[in-house]
Amino acid sequence: GAVVSQHPSWVICKSGTSVKIECRSLDFQATTMFWYRQFPKQSLMLMATSNEGSKATYEQGVEKDKFLINHASLTLSTLTVTSAHPEDSSFYICSARGKAIENTEAFFGQGTRLTVV
Amino acid sequence: GENVEQHPSTLSVQEGDSAVIKCTYSDSASNYFPWYKQELGKRPQLIIDIRSNVGEKKDQRIAVTLNKTAKHFSLHITETQPEDSAVYFCAAVYYGNNRLAFGKGNQVVVIP
């Protein structure tokens, strides 16, 4: 299948700083990217959906000013956690899907473990 | 948006037995239903999907059935093996809104 690469795999940051996570589709054009947050032994909580060149659509309860999403090209989307706090510590994972007439498979990155101290 | 419920949350089966996971959805406009498998420490991967114009789809030991009237779809795993132990996520997607939101997941444990 297609490859989606997420970077970094893990990051530790101080409270109050911002962290940027990258999600790249390596061998296909990702017209849509999804960002999720996953707590231990819990579901993939959809945070936002971004389409290349458009503003991201955020899920209810997700602060768009806190979690900045940019999808500037067909191979790259970024999630920036601004002014991070310990409660933002979590596993963040992206997935990407190419353009299709109907829904097709979304490929996941390997995820980023964020720890805010 | 679409609301997907998965049950049971945890399922333990003896190796060789069958496992069935059921998802219900709320939006009758949903027309695409994928199942993803996430093994411990790994990324989710698509294992099977079905579209609304089909009632059943099978791929070796895995099958998915869709009941549009009742708005539920199920994952069937036959002859379970230890490597089937994982968390399984379902989603119900309407192409028009391009939103891929998952249910809470089912932890399947295959007991050797």
# chains A, B, ... in the order shown; residues from 1 in each chain; ligands from 1

$ residues_around --residues "Glu5 of chain B" --least-positions-apart "4" --cutoff "10 Å" --atoms "only C-alpha atoms" --output "list in words"
Ser9, Lys22, Cys23, Thr24, Tyr25, Ser26, His72, Cys90, Ala91, Ala92, Phe102, Gly103, Lys104 and Gly105 of chain B

$ write_last_selection --atoms "all heavy atoms" --output "short mmCIF file (atom, residue, chain, number, x, y, z; two decimals), in the first residue's frame"
data_model
loop_
_atom_site.label_atom_id
_atom_site.label_comp_id
_atom_site.auth_asym_id
_atom_site.auth_seq_id
_atom_site.Cartn_x
_atom_site.Cartn_y
_atom_site.Cartn_z
N SER B 9 -17.16 -4.12 23.31
CA SER B 9 -15.90 -3.37 23.39
C SER B 9 -14.71 -4.30 23.48
O SER B 9 -13.63 -3.99 22.99
CB SER B 9 -15.93 -2.42 24.59
OG SER B 9 -16.12 -3.14 25.79
N LYS B 22 -19.86 -5.95 15.69
CA LYS B 22 -20.96 -5.24 15.04
C LYS B 22 -20.84 -3.73 15.24
O LYS B 22 -20.48 -3.26 16.32
CB LYS B 22 -22.29 -5.73 15.62
CG LYS B 22 -23.53 -5.13 15.01
CD LYS B 22 -24.77 -5.76 15.64
CE LYS B 22 -26.05 -5.13 15.12
NZ LYS B 22 -27.26 -5.75 15.72
N CYS B 23 -21.15 -3.00 14.19
CA CYS B 23 -21.19 -1.54 14.27
C CYS B 23 -22.55 -1.05 13.80
O CYS B 23 -23.10 -1.58 12.83
CB CYS B 23 -20.12 -0.93 13.37
SG CYS B 23 -18.50 -0.87 14.12
N THR B 24 -23.07 -0.07 14.49
CA THR B 24 -24.29 0.57 14.06
C THR B 24 -23.98 2.03 13.72
O THR B 24 -23.09 2.64 14.32
CB THR B 24 -25.38 0.51 15.14
OG1 THR B 24 -24.89 1.14 16.34
CG2 THR B 24 -25.74 -0.92 15.47
N TYR B 25 -24.72 2.56 12.76
CA TYR B 25 -24.49 3.94 12.37
C TYR B 25 -25.81 4.69 12.31
O TYR B 25 -26.88 4.09 12.30
CB TYR B 25 -23.73 4.01 11.04
CG TYR B 25 -24.44 3.38 9.85
CD1 TYR B 25 -25.14 4.16 8.94
CD2 TYR B 25 -24.37 2.00 9.63
CE1 TYR B 25 -25.75 3.59 7.84
CE2 TYR B 25 -24.99 1.43 8.54
CZ TYR B 25 -25.68 2.23 7.64
OH TYR B 25 -26.31 1.66 6.55
N SER B 26 -25.72 5.99 12.27
CA SER B 26 -26.93 6.80 12.40
C SER B 26 -27.37 7.46 11.10
O SER B 26 -28.57 7.69 10.90
CB SER B 26 -26.72 7.88 13.46
OG SER B 26 -25.61 8.72 13.11
N HIS B 72 -26.65 -1.29 10.23
CA HIS B 72 -25.53 -1.89 10.93
C HIS B 72 -24.71 -2.75 9.98
O HIS B 72 -25.20 -3.20 8.93
CB HIS B 72 -25.95 -2.66 12.19
CG HIS B 72 -26.78 -3.87 11.95
ND1 HIS B 72 -26.29 -5.05 11.41
CD2 HIS B 72 -28.07 -4.13 12.24
CE1 HIS B 72 -27.25 -5.95 11.36
NE2 HIS B 72 -28.34 -5.42 11.85
N CYS B 90 -14.27 0.54 13.18
CA CYS B 90 -15.15 0.67 12.03
C CYS B 90 -15.47 2.15 11.81
O CYS B 90 -15.30 2.97 12.71
CB CYS B 90 -16.45 -0.11 12.23
SG CYS B 90 -17.50 0.55 13.56
N ALA B 91 -15.90 2.46 10.62
CA ALA B 91 -16.33 3.82 10.29
C ALA B 91 -17.46 3.75 9.28
O ALA B 91 -17.57 2.78 8.52
CB ALA B 91 -15.16 4.64 9.73
N ALA B 92 -18.29 4.75 9.29
CA ALA B 92 -19.36 4.89 8.30
C ALA B 92 -19.19 6.27 7.67
O ALA B 92 -19.21 7.28 8.37
CB ALA B 92 -20.74 4.76 8.96
N PHE B 102 -14.12 7.27 13.40
CA PHE B 102 -14.23 5.87 13.79
C PHE B 102 -15.08 5.66 15.04
O PHE B 102 -15.26 6.57 15.85
CB PHE B 102 -12.83 5.30 14.05
CG PHE B 102 -11.98 5.22 12.83
CD1 PHE B 102 -11.08 6.23 12.53
CD2 PHE B 102 -12.07 4.14 11.98
CE1 PHE B 102 -10.29 6.15 11.39
CE2 PHE B 102 -11.29 4.06 10.84
CZ PHE B 102 -10.40 5.07 10.55
N GLY B 103 -15.56 4.43 15.17
CA GLY B 103 -16.17 4.01 16.41
C GLY B 103 -15.09 3.85 17.47
O GLY B 103 -13.91 4.05 17.20
N LYS B 104 -15.49 3.46 18.67
CA LYS B 104 -14.57 3.41 19.79
C LYS B 104 -13.62 2.24 19.76
O LYS B 104 -12.69 2.16 20.56
CB LYS B 104 -15.35 3.43 21.11
CG LYS B 104 -16.04 4.76 21.36
CD LYS B 104 -16.67 4.81 22.74
CE LYS B 104 -17.28 6.19 22.98
NZ LYS B 104 -17.90 6.30 24.31
N GLY B 105 -13.86 1.31 18.89
CA GLY B 105 -12.93 0.20 18.75
C GLY B 105 -13.34 -1.04 19.53
O GLY B 105 -14.02 -0.94 20.55
#

$ residues_around --residues "Gln60 of chain B" --least-positions-apart "5" --cutoff "12 Å" --atoms "only C-alpha atoms" --output "NGL selection string"
:B and (47-48 or 76-80)

$ write_last_selection --atoms "C-alpha atoms" --output "tab-separated table (two decimals), in the first residue's frame"
chain	number	residue	atom	x	y	z
B	47	ILE	CA	-8.44	-4.88	6.33
B	48	ILE	CA	-11.71	-4.76	4.45
B	76	HIS	CA	-16.63	-11.63	10.72
B	77	ILE	CA	-13.31	-13.36	11.35
B	78	THR	CA	-13.31	-17.12	10.92
B	79	GLU	CA	-10.73	-19.63	12.14
B	80	THR	CA	-9.18	-17.00	14.40

$ interface_residues --of "chain A" --to "chain B" --cutoff "8 Å" --atoms "only C-alpha atoms" --output "VMD selection string"
chain A and resid 34 42 to 46 49 102 to 103 105 to 111

$ residues_around --residues "Pro82 of chain B" --least-positions-apart "3" --cutoff "9 Å" --atoms "only C-alpha atoms" --output "PyMOL selection string"
chain B and resi 15+85+109-112

$ residues_around --residues "Gly98 of chain A" --least-positions-apart "3" --cutoff "6 Å" --atoms "only C-alpha atoms" --output "ChimeraX atom specification"
/A:29-31

$ residues_around --residues "segment 36-41 of chain A" --least-positions-apart "4" --cutoff "8 Å" --atoms "only C-alpha atoms" --output "ChimeraX atom specification"
/A:45-48,90-94

$ write_last_selection --atoms "N, CA, C and O atoms" --output "CSV table (one decimal), in the first residue's frame"
chain,number,residue,atom,x,y,z
A,45,MET,N,-9.7,9.5,18.0
A,45,MET,CA,-10.6,10.6,18.1
A,45,MET,C,-10.3,11.6,16.9
A,45,MET,O,-9.2,12.2,16.9
A,46,LEU,N,-11.2,11.7,16.0
A,46,LEU,CA,-10.9,12.6,14.9
A,46,LEU,C,-10.9,14.1,15.4
A,46,LEU,O,-11.8,14.5,16.0
A,47,MET,N,-9.8,14.7,15.0
A,47,MET,CA,-9.7,16.2,15.4
A,47,MET,C,-10.1,17.1,14.3
A,47,MET,O,-10.8,18.1,14.5
A,48,ALA,N,-9.6,16.8,13.1
A,48,ALA,CA,-9.9,17.7,12.0
A,48,ALA,C,-9.7,16.9,10.7
A,48,ALA,O,-8.9,16.0,10.6
A,90,SER,N,-0.3,13.2,24.5
A,90,SER,CA,-1.1,12.2,23.8
A,90,SER,C,-0.4,11.6,22.7
A,90,SER,O,0.7,12.0,22.4
A,91,PHE,N,-1.1,10.7,22.0
A,91,PHE,CA,-0.6,10.1,20.8
A,91,PHE,C,-1.4,10.7,19.6
A,91,PHE,O,-2.6,10.6,19.6
A,92,TYR,N,-0.7,11.4,18.7
A,92,TYR,CA,-1.3,12.0,17.6
A,92,TYR,C,-0.9,11.3,16.3
A,92,TYR,O,0.2,10.9,16.1
A,93,ILE,N,-2.0,11.0,15.5
A,93,ILE,CA,-1.7,10.2,14.3
A,93,ILE,C,-2.5,10.8,13.1
A,93,ILE,O,-3.6,11.2,13.3
A,94,CYS,N,-1.9,10.8,12.0
A,94,CYS,CA,-2.5,11.3,10.8
A,94,CYS,C,-2.8,10.2,9.8
A,94,CYS,O,-2.3,9.1,9.9

$ closest_residue --among "A:Ser50, A:Thr78, A:Thr104, A:Thr57" --to "His7 of chain A" --atoms "only C-alpha atoms"
A:Thr78

$ residues_around --residues "Thr65 of chain B" --least-positions-apart "2" --cutoff "7 Å" --atoms "only C-alpha atoms" --output "list in words"
Gly55, Glu56, Lys57, Ala63, Asn67, Phe73, Ser74 and Leu75 of chain B

$ write_last_selection --atoms "N, CA and C atoms" --output "PDB file, in the first residue's frame"
ATOM      1  N   GLY B  55     -24.085  -6.116  -0.241  1.00  0.00           N
ATOM      2  CA  GLY B  55     -24.527  -6.605   1.058  1.00  0.00           C
ATOM      3  C   GLY B  55     -23.470  -7.387   1.819  1.00  0.00           C
ATOM      4  N   GLU B  56     -22.516  -7.942   1.097  1.00  0.00           N
ATOM      5  CA  GLU B  56     -21.506  -8.758   1.759  1.00  0.00           C
ATOM      6  C   GLU B  56     -20.232  -8.762   0.922  1.00  0.00           C
ATOM      7  N   LYS B  57     -19.120  -8.841   1.624  1.00  0.00           N
ATOM      8  CA  LYS B  57     -17.831  -8.918   0.941  1.00  0.00           C
ATOM      9  C   LYS B  57     -16.917  -9.813   1.747  1.00  0.00           C
ATOM     10  N   ALA B  63     -14.752 -11.280   6.548  1.00  0.00           N
ATOM     11  CA  ALA B  63     -15.923 -10.894   5.769  1.00  0.00           C
ATOM     12  C   ALA B  63     -16.614  -9.720   6.454  1.00  0.00           C
ATOM     13  N   ASN B  67     -26.217  -4.276   6.550  1.00  0.00           N
ATOM     14  CA  ASN B  67     -27.676  -4.229   6.563  1.00  0.00           C
ATOM     15  C   ASN B  67     -28.081  -2.759   6.581  1.00  0.00           C
ATOM     16  N   PHE B  73     -23.454  -2.904  10.322  1.00  0.00           N
ATOM     17  CA  PHE B  73     -22.563  -3.730   9.533  1.00  0.00           C
ATOM     18  C   PHE B  73     -21.637  -4.465  10.496  1.00  0.00           C
ATOM     19  N   SER B  74     -21.216  -5.625  10.081  1.00  0.00           N
ATOM     20  CA  SER B  74     -20.467  -6.500  10.983  1.00  0.00           C
ATOM     21  C   SER B  74     -19.213  -7.043  10.318  1.00  0.00           C
ATOM     22  N   LEU B  75     -18.210  -7.235  11.144  1.00  0.00           N
ATOM     23  CA  LEU B  75     -16.956  -7.865  10.716  1.00  0.00           C
ATOM     24  C   LEU B  75     -16.946  -9.296  11.230  1.00  0.00           C
TER      25      LEU B  75
END
